[in-house]
$ cat data25.cif   # mmCIF, C-alpha atoms and all ligand atoms
data_structure
loop_
_atom_site.label_atom_id
_atom_site.label_comp_id
_atom_site.auth_asym_id
_atom_site.auth_seq_id
_atom_site.Cartn_x
_atom_site.Cartn_y
_atom_site.Cartn_z
CA MET A 1 -37.14 -12.16 9.85
CA ASP A 2 -35.63 -9.52 7.54
CA ARG A 3 -32.87 -7.46 9.11
CA PRO A 4 -33.52 -3.70 8.88
CA VAL A 5 -31.53 -2.03 6.09
CA PRO A 6 -29.09 0.55 7.49
CA PRO A 7 -30.02 4.01 6.22
CA ASP A 8 -26.76 4.41 4.28
CA CYS A 9 -27.03 1.13 2.44
CA THR A 10 -30.25 1.28 0.45
CA PRO A 11 -31.05 -1.80 -1.64
CA GLU A 12 -30.09 -0.15 -4.93
CA SER A 13 -26.59 0.46 -3.65
CA LEU A 14 -23.93 -1.53 -5.44
CA GLY A 15 -20.79 -2.73 -3.73
CA PHE A 16 -17.68 -0.71 -4.52
CA GLU A 17 -15.71 -3.76 -5.67
CA ALA A 18 -18.54 -4.93 -7.95
CA ALA A 19 -18.86 -1.49 -9.55
CA LEU A 20 -15.11 -1.16 -10.08
CA ALA A 21 -14.90 -4.67 -11.52
CA GLN A 22 -17.69 -3.82 -13.96
CA VAL A 23 -15.88 -0.67 -15.14
CA LEU A 24 -12.57 -2.47 -15.58
CA ARG A 25 -14.23 -5.40 -17.36
CA THR A 26 -15.92 -3.10 -19.84
CA VAL A 27 -13.16 -0.66 -20.74
CA ARG A 28 -10.71 -1.57 -23.52
CA PRO A 29 -7.43 0.08 -24.58
CA LEU A 30 -7.93 2.73 -27.26
CA PRO A 31 -6.54 1.85 -30.67
CA GLY A 32 -3.72 3.94 -32.11
CA ALA A 33 -0.05 4.40 -31.31
CA GLU A 34 2.63 6.90 -32.23
CA THR A 35 6.40 7.06 -32.17
CA LEU A 36 7.82 9.75 -29.96
CA ALA A 37 11.24 11.12 -29.18
CA LEU A 38 12.27 9.91 -25.75
CA THR A 39 12.33 13.52 -24.56
CA ASP A 40 8.58 13.80 -25.25
CA ALA A 41 7.60 10.44 -23.78
CA LEU A 42 7.40 11.13 -20.03
CA GLY A 43 4.16 9.72 -18.61
CA ARG A 44 3.20 7.88 -21.79
CA VAL A 45 2.49 4.15 -22.06
CA LEU A 46 4.57 1.82 -24.24
CA ALA A 47 2.64 0.34 -27.16
CA ALA A 48 5.38 -2.21 -27.86
CA PRO A 49 7.87 -3.86 -25.55
CA LEU A 50 11.24 -2.20 -25.21
CA ILE A 51 13.78 -4.82 -26.24
CA ALA A 52 17.47 -4.26 -25.63
CA THR A 53 19.52 -4.21 -28.84
CA MET A 54 22.80 -4.10 -26.93
CA ASP A 55 24.33 -5.25 -23.68
CA LEU A 56 24.35 -2.93 -20.69
CA GLN A 57 27.13 -2.35 -19.71
CA PRO A 58 28.35 -2.50 -23.34
CA TRP A 59 32.01 -2.99 -22.27
CA PRO A 60 33.73 -4.38 -19.21
CA ASN A 61 34.64 -1.27 -17.24
CA SER A 62 35.87 -0.12 -13.89
CA ALA A 63 33.52 0.65 -11.01
CA MET A 64 36.27 2.51 -9.15
CA ASP A 65 39.28 4.75 -9.54
CA GLY A 66 42.25 2.39 -9.18
CA TYR A 67 44.54 -0.02 -11.04
CA ALA A 68 43.54 -2.71 -13.55
CA PHE A 69 45.53 -5.94 -13.62
CA ALA A 70 45.25 -9.67 -14.31
CA PHE A 71 44.14 -11.67 -11.28
CA ALA A 72 46.79 -14.26 -12.23
CA ASP A 73 49.32 -11.59 -11.07
CA LEU A 74 47.80 -11.25 -7.60
CA ASP A 75 50.89 -12.65 -5.85
CA THR A 76 53.17 -10.22 -7.71
CA ALA A 77 50.80 -7.37 -6.91
CA LEU A 78 50.92 -8.24 -3.20
CA GLY A 79 54.69 -8.83 -3.27
CA ALA A 80 57.09 -6.98 -5.58
CA GLY A 81 54.31 -4.90 -7.10
CA LEU A 82 53.10 -4.38 -10.68
CA GLU A 83 54.71 -2.29 -13.39
CA LEU A 84 52.53 0.71 -14.29
CA VAL A 85 52.33 0.89 -18.11
CA GLY A 86 49.56 3.35 -18.93
CA THR A 87 46.26 5.03 -18.19
CA ALA A 88 42.62 4.30 -19.08
CA LEU A 89 40.08 7.13 -18.72
CA ALA A 90 36.33 7.04 -19.37
CA GLY A 91 36.01 7.51 -23.13
CA HIS A 92 39.79 7.04 -23.62
CA PRO A 93 40.64 3.33 -23.44
CA PHE A 94 44.18 2.05 -22.97
CA THR A 95 45.03 0.76 -26.42
CA GLY A 96 47.75 -1.77 -25.62
CA ARG A 97 47.57 -5.17 -24.01
CA LEU A 98 48.76 -5.90 -20.50
CA GLY A 99 51.73 -8.21 -20.20
CA ARG A 100 52.58 -10.36 -17.18
CA GLY A 101 53.19 -8.31 -14.07
CA GLN A 102 51.77 -5.10 -15.53
CA CYS A 103 48.92 -2.80 -14.53
CA VAL A 104 47.15 0.29 -15.85
CA ARG A 105 45.91 3.32 -13.95
CA ILE A 106 42.13 3.22 -14.50
CA LEU A 107 39.34 5.65 -13.64
CA THR A 108 35.64 4.93 -13.05
CA GLY A 109 33.79 4.05 -16.25
CA ALA A 110 36.97 3.41 -18.27
CA VAL A 111 37.08 0.23 -20.37
CA LEU A 112 39.09 -2.58 -18.81
CA PRO A 113 42.29 -3.07 -20.88
CA ASP A 114 42.86 -6.33 -22.73
CA GLY A 115 44.57 -8.75 -20.42
CA ALA A 116 43.08 -7.24 -17.23
CA ASP A 117 40.17 -8.77 -15.31
CA THR A 118 40.35 -7.12 -11.87
CA VAL A 119 40.60 -3.59 -10.46
CA ALA A 120 42.27 -2.64 -7.18
CA MET A 121 40.85 0.48 -5.54
CA GLN A 122 43.41 3.27 -5.32
CA GLU A 123 42.88 3.33 -1.53
CA ASP A 124 44.22 -0.26 -1.40
CA VAL A 125 47.58 0.31 -3.12
CA THR A 126 50.85 2.13 -2.58
CA ARG A 127 52.89 3.56 -5.45
CA ALA A 128 56.66 3.83 -5.52
CA ASP A 129 59.27 3.77 -8.29
CA GLY A 130 56.71 3.20 -11.06
CA ARG A 131 55.39 0.11 -9.27
CA VAL A 132 51.99 -0.42 -7.77
CA ARG A 133 51.81 -2.58 -4.67
CA LEU A 134 48.49 -4.03 -3.46
CA GLN A 135 47.94 -3.83 0.32
CA ARG A 136 45.29 -6.53 0.66
CA ALA A 137 43.98 -9.49 -1.37
CA LEU A 138 40.80 -9.18 -3.40
CA PRO A 139 38.68 -11.62 -5.42
CA VAL A 140 38.94 -12.10 -9.17
CA GLY A 141 36.78 -9.58 -11.07
CA ALA A 142 36.69 -7.14 -8.13
CA ASN A 143 35.43 -3.63 -9.01
CA VAL A 144 34.67 -4.61 -12.61
CA ARG A 145 31.27 -4.06 -14.22
CA ALA A 146 30.80 -6.98 -16.59
CA PRO A 147 29.22 -6.51 -20.04
CA GLY A 148 25.53 -7.47 -19.94
CA GLU A 149 25.62 -7.56 -16.15
CA ASP A 150 22.66 -5.18 -16.05
CA VAL A 151 20.80 -6.02 -19.29
CA ARG A 152 21.57 -8.50 -22.08
CA ALA A 153 20.92 -7.79 -25.76
CA GLY A 154 17.58 -9.33 -26.74
CA GLN A 155 16.11 -9.00 -23.27
CA THR A 156 12.67 -7.36 -22.86
CA VAL A 157 13.44 -4.59 -20.40
CA LEU A 158 9.99 -2.97 -20.36
CA PRO A 159 6.88 -4.86 -21.43
CA ALA A 160 4.20 -3.19 -23.58
CA GLY A 161 1.81 -1.42 -21.22
CA SER A 162 4.57 0.07 -19.06
CA ARG A 163 4.18 3.71 -18.15
CA LEU A 164 7.36 5.73 -18.71
CA GLY A 165 8.61 7.57 -15.67
CA PRO A 166 12.06 9.14 -15.31
CA ALA A 167 13.70 5.78 -14.49
CA GLN A 168 12.21 4.02 -17.53
CA ILE A 169 13.25 6.89 -19.78
CA ALA A 170 16.79 6.67 -18.41
CA LEU A 171 16.84 2.91 -19.06
CA ALA A 172 15.74 3.41 -22.69
CA ALA A 173 18.40 6.10 -23.11
CA ALA A 174 21.13 3.86 -21.64
CA LEU A 175 20.15 1.30 -24.29
CA GLY A 176 20.47 3.88 -27.06
CA GLN A 177 16.75 4.06 -27.88
CA GLY A 178 16.05 7.62 -28.98
CA THR A 179 12.41 6.96 -29.84
CA VAL A 180 9.64 4.84 -28.35
CA ALA A 181 6.27 3.58 -29.60
CA VAL A 182 3.53 4.74 -27.23
CA HIS A 183 -0.24 4.58 -27.11
CA ARG A 184 -1.97 7.75 -28.18
CA ARG A 185 -3.27 10.05 -25.47
CA PRO A 186 -6.98 9.77 -24.76
CA ARG A 187 -9.06 12.88 -25.44
CA VAL A 188 -11.24 13.56 -22.45
CA ALA A 189 -14.09 16.06 -22.63
CA LEU A 190 -15.14 17.50 -19.35
CA PHE A 191 -17.92 19.69 -18.03
CA THR A 192 -19.25 20.71 -14.65
CA SER A 193 -22.91 21.35 -14.03
CA GLY A 194 -24.67 23.65 -11.60
CA ASP A 195 -26.26 27.10 -11.68
CA GLU A 196 -24.23 28.07 -8.61
CA LEU A 197 -20.87 27.54 -10.36
CA THR A 198 -18.78 30.57 -11.27
CA PRO A 199 -15.66 30.54 -13.45
CA LEU A 200 -12.48 31.95 -11.95
CA GLY A 201 -11.93 35.64 -12.58
CA ARG A 202 -15.54 36.67 -11.97
CA PRO A 203 -16.93 37.98 -8.68
CA LEU A 204 -19.21 35.58 -6.83
CA GLY A 205 -22.90 36.41 -7.05
CA PRO A 206 -25.28 35.63 -4.16
CA GLY A 207 -25.23 31.92 -3.30
CA ALA A 208 -22.54 31.20 -5.89
CA ILE A 209 -19.29 29.25 -5.49
CA TYR A 210 -16.23 28.89 -7.65
CA ASP A 211 -16.14 25.90 -9.94
CA SER A 212 -13.26 24.04 -8.31
CA ASN A 213 -14.12 20.62 -9.72
CA ARG A 214 -13.24 21.60 -13.27
CA TYR A 215 -9.75 22.49 -12.09
CA LEU A 216 -9.51 19.36 -9.96
CA LEU A 217 -10.55 17.14 -12.86
CA ARG A 218 -8.35 18.95 -15.38
CA ALA A 219 -5.35 18.55 -13.08
CA MET A 220 -6.00 14.85 -12.40
CA LEU A 221 -6.45 14.26 -16.14
CA GLN A 222 -3.30 16.17 -17.06
CA GLU A 223 -1.38 14.12 -14.55
CA LEU A 224 -2.54 10.98 -16.35
CA GLY A 225 -1.38 12.35 -19.69
CA ALA A 226 -4.88 12.85 -21.12
CA GLU A 227 -5.68 15.58 -23.61
CA VAL A 228 -8.40 17.68 -22.00
CA VAL A 229 -11.29 19.25 -23.91
CA ASP A 230 -12.83 21.66 -21.40
CA LEU A 231 -16.48 22.31 -22.17
CA GLY A 232 -16.89 24.66 -19.23
CA ILE A 233 -19.82 25.10 -16.89
CA VAL A 234 -23.23 23.79 -17.95
CA ALA A 235 -26.40 25.25 -16.44
CA ASP A 236 -28.96 23.19 -14.54
CA ASP A 237 -31.16 23.00 -17.60
CA PRO A 238 -31.92 19.90 -19.70
CA ALA A 239 -31.31 21.68 -23.00
CA ALA A 240 -27.90 22.91 -21.86
CA VAL A 241 -26.93 19.45 -20.60
CA ARG A 242 -28.11 17.95 -23.91
CA GLY A 243 -25.90 20.43 -25.79
CA ALA A 244 -22.90 19.50 -23.64
CA PHE A 245 -23.31 15.78 -24.28
CA ALA A 246 -23.71 16.35 -28.01
CA ALA A 247 -20.51 18.44 -28.12
CA ALA A 248 -18.60 16.03 -25.90
CA ARG A 249 -19.58 12.93 -27.83
CA ALA A 250 -18.33 14.39 -31.09
CA GLN A 251 -14.79 14.98 -29.91
CA ALA A 252 -13.74 12.72 -27.08
CA ASP A 253 -12.82 9.17 -26.13
CA VAL A 254 -14.04 9.77 -22.60
CA VAL A 255 -16.63 12.21 -21.28
CA ILE A 256 -16.58 13.25 -17.64
CA SER A 257 -19.18 15.37 -15.90
CA SER A 258 -19.35 16.57 -12.34
CA GLY A 259 -22.57 17.26 -10.47
CA GLY A 260 -26.21 16.75 -11.29
CA VAL A 261 -26.26 12.97 -10.85
CA SER A 262 -28.12 12.96 -7.54
CA VAL A 263 -31.87 12.79 -7.35
CA GLY A 264 -32.45 16.48 -6.62
CA ASP A 265 -34.86 18.63 -8.61
CA ALA A 266 -32.04 20.26 -10.56
CA ASP A 267 -30.10 17.07 -11.34
CA TYR A 268 -30.46 16.58 -15.08
CA VAL A 269 -27.19 14.94 -16.05
CA ARG A 270 -28.35 11.41 -15.38
CA ASP A 271 -31.72 11.71 -17.13
CA VAL A 272 -30.36 13.54 -20.16
CA PHE A 273 -27.53 11.05 -20.48
CA ALA A 274 -30.09 8.24 -20.60
CA GLU A 275 -31.44 9.80 -23.83
CA PHE A 276 -27.99 9.51 -25.43
CA GLY A 277 -26.35 6.37 -24.25
CA ASP A 278 -26.27 3.19 -22.37
CA ILE A 279 -26.17 4.04 -18.70
CA HIS A 280 -25.32 2.22 -15.53
CA PHE A 281 -26.34 4.37 -12.66
CA TRP A 282 -25.09 3.33 -9.31
CA ARG A 283 -25.70 4.42 -5.80
CA ILE A 284 -22.48 2.94 -4.60
CA ALA A 285 -22.23 2.05 -0.94
CA MET A 286 -19.18 4.25 -0.46
CA LYS A 287 -18.41 7.53 1.24
CA PRO A 288 -17.79 10.01 -0.18
CA GLY A 289 -19.18 9.49 -3.63
CA ARG A 290 -22.44 7.63 -3.54
CA PRO A 291 -24.06 8.53 -6.89
CA LEU A 292 -21.97 7.55 -9.91
CA ALA A 293 -23.05 7.12 -13.52
CA PHE A 294 -21.02 5.06 -15.98
CA GLY A 295 -21.90 4.21 -19.53
CA ARG A 296 -21.27 4.24 -23.23
CA LEU A 297 -21.88 7.40 -25.24
CA GLY A 298 -21.54 6.37 -28.89
CA GLU A 299 -17.90 5.36 -29.17
CA SER A 300 -16.93 7.16 -25.95
CA TRP A 301 -17.07 6.22 -22.32
CA PHE A 302 -18.98 8.35 -19.86
CA PHE A 303 -18.37 8.93 -16.17
CA GLY A 304 -20.94 11.07 -14.37
CA LEU A 305 -19.25 11.99 -11.11
CA PRO A 306 -20.99 13.47 -8.09
CA GLY A 307 -20.60 17.24 -7.54
CA ASN A 308 -19.30 17.35 -3.99
CA PRO A 309 -15.60 18.09 -4.45
CA LEU A 310 -14.44 15.25 -2.24
CA SER A 311 -16.80 12.82 -3.94
CA THR A 312 -15.47 13.98 -7.30
CA ALA A 313 -11.87 13.47 -6.18
CA VAL A 314 -12.44 10.03 -4.64
CA THR A 315 -14.62 8.62 -7.42
CA PHE A 316 -12.15 9.90 -10.01
CA HIS A 317 -9.26 8.36 -8.13
CA GLU A 318 -10.95 5.02 -7.54
CA PHE A 319 -12.89 4.56 -10.81
CA VAL A 320 -11.80 6.96 -13.55
CA ARG A 321 -8.08 6.69 -12.89
CA PRO A 322 -7.80 2.89 -13.32
CA ALA A 323 -10.21 3.04 -16.28
CA LEU A 324 -8.12 5.72 -18.00
CA ARG A 325 -4.96 3.77 -17.33
CA LEU A 326 -6.55 0.79 -19.09
CA LEU A 327 -7.70 3.00 -21.98
CA GLU A 328 -4.16 4.34 -22.27
CA GLY A 329 -2.93 0.79 -22.77
CA GLU A 330 -1.34 0.46 -19.35
CA THR A 331 -1.51 -2.78 -17.47
CA PRO A 332 -2.61 -1.31 -14.16
CA ALA A 333 -1.94 -3.18 -10.98
CA PRO A 334 -4.48 -2.82 -8.17
CA PRO A 335 -3.58 0.15 -5.98
CA LEU A 336 -0.82 -0.50 -3.50
CA ARG A 337 -2.46 -0.70 -0.08
CA LEU A 338 -0.49 -0.54 3.14
CA GLN A 339 -1.47 -1.63 6.64
CA LEU A 340 -0.49 1.11 9.07
CA PRO A 341 -1.22 1.97 12.70
CA LEU A 342 -3.45 4.95 13.43
CA LEU A 343 -1.58 7.80 15.10
CA GLY A 344 -4.86 9.19 16.47
CA PRO A 345 -8.50 8.10 16.75
CA LEU A 346 -10.84 8.18 13.72
CA HIS A 347 -14.55 8.77 13.59
CA LYS A 348 -16.52 6.44 11.31
CA VAL A 349 -20.24 5.69 11.07
CA PRO A 350 -20.91 2.01 10.23
CA GLY A 351 -22.74 1.36 6.96
CA ARG A 352 -20.59 2.43 4.00
CA LEU A 353 -17.05 1.83 2.78
CA ASP A 354 -15.29 5.05 3.76
CA PHE A 355 -12.35 6.74 2.03
CA GLN A 356 -11.06 9.20 4.60
CA ARG A 357 -8.33 11.70 3.82
CA GLY A 358 -5.20 10.90 5.77
CA ILE A 359 -1.57 11.82 6.22
CA VAL A 360 1.06 9.07 6.26
CA GLY A 361 4.15 10.02 8.17
CA PRO A 362 6.31 9.16 11.16
CA GLY A 363 4.64 8.98 14.57
CA PRO A 364 6.20 10.19 17.85
CA ASP A 365 8.41 7.08 18.00
CA GLY A 366 9.60 7.62 14.41
CA ARG A 367 7.66 4.67 13.03
CA LEU A 368 5.36 5.10 10.07
CA GLY A 369 1.67 5.57 10.81
CA VAL A 370 -1.34 7.47 9.52
CA ARG A 371 -3.56 10.18 10.94
CA SER A 372 -6.62 12.05 9.79
CA ALA A 373 -5.98 14.99 7.46
CA GLY A 374 -8.78 16.96 9.13
CA PRO A 375 -12.56 17.26 8.83
CA GLN A 376 -13.98 14.62 6.51
CA GLY A 377 -17.12 16.31 5.11
CA SER A 378 -17.49 15.83 1.36
CA HIS A 379 -17.16 19.61 0.82
CA VAL A 380 -13.93 20.05 2.82
CA MET A 381 -11.24 21.07 0.37
CA SER A 382 -8.52 21.84 2.93
CA SER A 383 -8.27 18.26 4.19
CA LEU A 384 -7.97 17.02 0.61
CA ALA A 385 -5.06 19.39 0.06
CA ALA A 386 -3.43 18.27 3.31
CA ALA A 387 -3.83 14.55 2.58
CA ASN A 388 -1.25 12.28 1.00
CA CYS A 389 -3.37 9.13 1.29
CA LEU A 390 -6.85 7.71 1.58
CA ILE A 391 -7.63 5.62 4.65
CA VAL A 392 -9.94 2.86 3.45
CA LEU A 393 -12.31 1.79 6.21
CA PRO A 394 -14.62 -1.21 5.67
CA ALA A 395 -18.39 -0.66 5.71
CA ALA A 396 -18.93 -2.39 9.04
CA SER A 397 -16.22 -0.44 10.85
CA GLY A 398 -17.19 2.12 13.49
CA ASP A 399 -14.98 4.56 15.41
CA LEU A 400 -11.36 3.45 15.66
CA PRO A 401 -8.87 4.13 18.49
CA ALA A 402 -5.27 5.26 18.07
CA GLY A 403 -3.09 2.21 17.45
CA ALA A 404 -5.68 0.31 15.39
CA THR A 405 -4.34 -1.02 12.08
CA VAL A 406 -5.98 0.49 8.99
CA THR A 407 -5.65 0.11 5.23
CA VAL A 408 -4.05 3.05 3.46
CA GLU A 409 -3.81 3.91 -0.23
CA LEU A 410 -1.22 6.52 -1.16
CA LEU A 411 -2.44 9.36 -3.35
CA PRO A 412 -0.46 10.14 -6.50
CA TRP A 413 -0.22 13.84 -5.69
CA PRO A 414 1.51 15.79 -2.92
CA GLY A 415 -0.14 16.39 0.44
CA THR A 416 0.54 19.80 1.95
CA PRO A 417 -0.43 19.64 5.62
CA PRO A 418 -0.58 23.03 7.35
CA ARG A 419 2.52 23.78 9.41
CA ASP A 420 0.62 24.07 12.67
CA MET A 421 -0.71 20.53 12.40
CA PRO A 422 0.37 18.21 15.27
P1 LIG B 501 -24.64 18.10 -7.06
O1 LIG B 501 -23.94 16.81 -7.25
O2 LIG B 501 -24.83 18.86 -8.32
O3 LIG B 501 -25.91 17.89 -6.29
O4 LIG B 501 -23.70 18.98 -6.13
C1 LIG B 501 -23.39 18.59 -4.81
C2 LIG B 501 -22.59 19.66 -4.10
O5 LIG B 501 -21.36 19.88 -4.74
C3 LIG B 501 -23.26 21.01 -4.03
O6 LIG B 501 -22.96 21.60 -2.80
C4 LIG B 501 -22.61 21.78 -5.16
O7 LIG B 501 -22.64 23.18 -4.98
C5 LIG B 501 -21.20 21.24 -5.11
N1 LIG B 501 -20.60 21.30 -6.43
C6 LIG B 501 -21.17 20.83 -7.56
N2 LIG B 501 -20.35 21.05 -8.62
C7 LIG B 501 -19.25 21.68 -8.13
C8 LIG B 501 -18.08 22.19 -8.74
N3 LIG B 501 -17.88 22.08 -10.05
N4 LIG B 501 -17.15 22.78 -7.96
C9 LIG B 501 -17.35 22.89 -6.63
N5 LIG B 501 -18.45 22.43 -6.00
C10 LIG B 501 -19.41 21.85 -6.74
MG MG B 502 -25.93 20.56 -8.74
#
$ encode --input "data25.cif" --output "structure tokens" --more "lines below"
Ligand code: AMP
Ligand code: MG
Amino acid sequence: MDRPVPPDCTPESLGFEAALAQVLRTVRPLPGAETLALTDALGRVLAAPLIATMDLQPWPNSAMDGYAFAFADLDTALGAGLELVGTALAGHPFTGRLGRGQCVRILTGAVLPDGADTVAMQEDVTRADGRVRLQRALPVGANVRAPGEDVRAGQTVLPAGSRLGPAQIALAAALGQGTVAVHRRPRVALFTSGDELTPLGRPLGPGAIYDSNRYLLRAMLQELGAEVVDLGIVADDPAAVRGAFAAARAQADVVISSGGVSVGDADYVRDVFAEFGDIHFWRIAMKPGRPLAFGRLGESWFFGLPGNPLSTAVTFHEFVRPALRLLEGETPAPPLRLQLPLLGPLHKVPGRLDFQRGIVGPGPDGRLGVRSAGPQGSHVMSSLAAANCLIVLPAASGDLPAGATVTVELLPWPGTPPRDMP
């Protein structure tokens, strides 16, 4: 006997994983690279591996303020003491060579003098009569940073496909690389659709709302380094939607729309898109975000996101973000998911994979856990702003008690929980 289909899992629904796999299988990195000054490269993706052309550290140097000497003189250093013959400062090496029984005052980052192989910390010596006496034994090479200890010349320090954050930029700079070859930024055209949508700066008419999704999408795209072509608000009218697709197709690598992909009377985006391109339309068994269109529009890729703000945010995060990272030439890893205990109960209706907005933070005992960021309706903007993670609950899951272990995916933007939150 056939089992009844749960109301939220209609037969045309596609599994989340299957839909994501299809997107990631289809999308290819965009051609084209450019060479940028390192100072302009934050957030960009390397088009070629970064290969070290020098050792890091380039010279043996001191990790401490202290005294450089030859380890062969350890007994003298511990006994009669070493003769102090000069000073080595960062950028001002000691030019002579150490003889037997000699040492040099050395400061952090200064090159180790010829003949020295070990540094005694200044806290471990006493100085009297021009002699430096070591108070305790230390191993050979102590407090010395060896050349190539960090990176060796010829080593690939960042593979092609790496995204450049502050740490990667610092690494390139330490290796003397003033420019980097990066993939070009994708141009993403974007429009929102709906007769109720009002641009900022105008008073709201009856039944109208402000068009928050365009700002949400712009911000998420900017954060990914995309160049945004904002086509504004498009009316619920097939001719207007047709015009938007024609304009978008002419100037973008990716086209993103929000709204109008449901099956309501005023939802034209899906049908009009079908006139232009190759469409996959999915009713994905996920919450929020069920309707999602994906397809090819000439040479561009198209994502038709649902209009509910939370659905827009979650489908962008789960589908568009990894796809854009691929287009940008990045080698994206699957999102880092953590298993954390719930700090309070969660409500969940069985039937669909649920991405609830959550806040990761310490619980009453100081250990890390996760709690709900507030009401979970797909129109609730305040819980999205409060959240720093998505709590990913499997389709079959129902309500969950405090203490249950859940899967959490950190969001790449800040969560700003209200101060009066428990
Ligand atoms: P739709 O997907 O067009 O059926 O819209 C679903 C819901 O999301 C409706 O309540 C819309 O008013 C709302 N919505 C659609 N587009 C936007 C937008 N750009 N900004 C804020 N809310 C929107
Ligand atoms: Mg609409």
$ residues_around --input "data25.cif" --residues "A:Phe355" --least-positions-apart "2" --cutoff "9 Å" --atoms "all atoms listed in the file" --output "PyMOL selection string"
chain A and resi 286-288+314+353+357+390-393
$ atom_distance --input "data25.cif" --atom1 "atom CA of A:Glu409" --atom2 "atom CA of A:Leu384"
13.8 Å
$ residues_around --input "data25.cif" --residues "A:Ala77" --least-positions-apart "4" --cutoff "9 Å" --atoms "all atoms listed in the file" --output "ChimeraX atom specification"
/A:69,73,81-82,101-102,132-135
$ closest_atom_pairs --input "data25.cif" --of "chain A" --to "ligand MG 502 (chain B)" --cutoff "9 Å" --atoms "all atoms listed in the file" --output "Markdown table"
| residue | atom | partner | partner_atom | distance |
| --- | --- | --- | --- | --- |
| A:Thr192 | CA | B:MG502 | MG | 8.9 |
| A:Ser193 | CA | B:MG502 | MG | 6.1 |
| A:Gly194 | CA | B:MG502 | MG | 4.4 |
| A:Asp195 | CA | B:MG502 | MG | 7.2 |
| A:Glu196 | CA | B:MG502 | MG | 7.7 |
| A:Leu197 | CA | B:MG502 | MG | 8.8 |
| A:Asp236 | CA | B:MG502 | MG | 7.1 |
| A:Ser258 | CA | B:MG502 | MG | 8.5 |
| A:Gly259 | CA | B:MG502 | MG | 5.0 |
| A:Gly260 | CA | B:MG502 | MG | 4.6 |
| A:Val261 | CA | B:MG502 | MG | 7.9 |
| A:Ser262 | CA | B:MG502 | MG | 8.0 |
| A:Gly264 | CA | B:MG502 | MG | 8.0 |
| A:Ala266 | CA | B:MG502 | MG | 6.4 |
| A:Asp267 | CA | B:MG502 | MG | 6.0 |
| A:Tyr268 | CA | B:MG502 | MG | 8.7 |
| A:Pro306 | CA | B:MG502 | MG | 8.7 |
| A:Gly307 | CA | B:MG502 | MG | 6.4 |
| A:Asn308 | CA | B:MG502 | MG | 8.8 |
$ atom_distance --input "data25.cif" --atom1 "atom CA of A:Val320" --atom2 "atom CA of A:Leu50"
27.4 Å
$ closest_residue --input "data25.cif" --among "A:Phe273, A:Phe191, A:Phe281, A:Phe16" --to "A:Thr315" --atoms "only C-alpha atoms"
A:Phe16
$ closest_residue --input "data25.cif" --among "A:Asp230, A:Asp265, A:Glu17, A:Glu149" --to "ligand LIG 501 (chain B)" --atoms "all atoms listed in the file"
A:Asp265
$ atom_distance --input "data25.cif" --atom1 "atom CA of A:Asp211" --atom2 "atom CA of A:Leu190"
12.7 Å
$ residues_near_point --input "data25.cif" --point "(12.3, 12.7, -24.0)" --cutoff "12 Å" --atoms "only C-alpha atoms" --output "MDAnalysis selection string"
chainID A and resid 35:44 164:173 177:180
$ residues_around --input "data25.cif" --residues "A:Ile359" --least-positions-apart "2" --cutoff "10 Å" --atoms "all atoms listed in the file" --output "list in words"
Leu343, Gln356, Arg357, Gly361, Pro362, Gly369, Val370, Arg371, Ser372, Ala373, Gly374, Ser383, Leu384, Ala386, Ala387, Asn388, Cys389, Leu390, Ile391, Val408, Leu410, Leu411, Gly415, Thr416 and Pro417 of chain A
$ residues_around --input "data25.cif" --residues "stretch 123-130 of chain A" --least-positions-apart "6" --cutoff "12 Å" --atoms "all atoms listed in the file" --output "PyMOL selection string"
chain A and resi 64-68+77-86+102-105+136-138
$ write_last_selection --input "data25.cif" --atoms "C-alpha atoms" --output "mmCIF file, in the coordinates of the input"
data_model
loop_
_atom_site.group_PDB
_atom_site.id
_atom_site.type_symbol
_atom_site.label_atom_id
_atom_site.label_comp_id
_atom_site.auth_asym_id
_atom_site.auth_seq_id
_atom_site.Cartn_x
_atom_site.Cartn_y
_atom_site.Cartn_z
ATOM 1 C CA MET A 64 36.270 2.510 -9.150
ATOM 2 C CA ASP A 65 39.280 4.750 -9.540
ATOM 3 C CA GLY A 66 42.250 2.390 -9.180
ATOM 4 C CA TYR A 67 44.540 -0.020 -11.040
ATOM 5 C CA ALA A 68 43.540 -2.710 -13.550
ATOM 6 C CA ALA A 77 50.800 -7.370 -6.910
ATOM 7 C CA LEU A 78 50.920 -8.240 -3.200
ATOM 8 C CA GLY A 79 54.690 -8.830 -3.270
ATOM 9 C CA ALA A 80 57.090 -6.980 -5.580
ATOM 10 C CA GLY A 81 54.310 -4.900 -7.100
ATOM 11 C CA LEU A 82 53.100 -4.380 -10.680
ATOM 12 C CA GLU A 83 54.710 -2.290 -13.390
ATOM 13 C CA LEU A 84 52.530 0.710 -14.290
ATOM 14 C CA VAL A 85 52.330 0.890 -18.110
ATOM 15 C CA GLY A 86 49.560 3.350 -18.930
ATOM 16 C CA GLN A 102 51.770 -5.100 -15.530
ATOM 17 C CA CYS A 103 48.920 -2.800 -14.530
ATOM 18 C CA VAL A 104 47.150 0.290 -15.850
ATOM 19 C CA ARG A 105 45.910 3.320 -13.950
ATOM 20 C CA ARG A 136 45.290 -6.530 0.660
ATOM 21 C CA ALA A 137 43.980 -9.490 -1.370
ATOM 22 C CA LEU A 138 40.800 -9.180 -3.400
#
$ closest_residue --input "data25.cif" --among "A:Pro401, A:Gly377, A:Pro203, A:Pro412" --to "ligand LIG 501 (chain B)" --atoms "only C-alpha atoms and all ligand atoms"
A:Gly377
$ residues_around --input "data25.cif" --residues "A:Gly91" --least-positions-apart "3" --cutoff "9 Å" --atoms "all atoms listed in the file" --output "CSV table (one decimal) with C-alpha atoms, in the frame of the given file"
chain,number,residue,atom,x,y,z
A,88,ALA,CA,42.6,4.3,-19.1
A,109,GLY,CA,33.8,4.0,-16.2
A,110,ALA,CA,37.0,3.4,-18.3
A,111,VAL,CA,37.1,0.2,-20.4
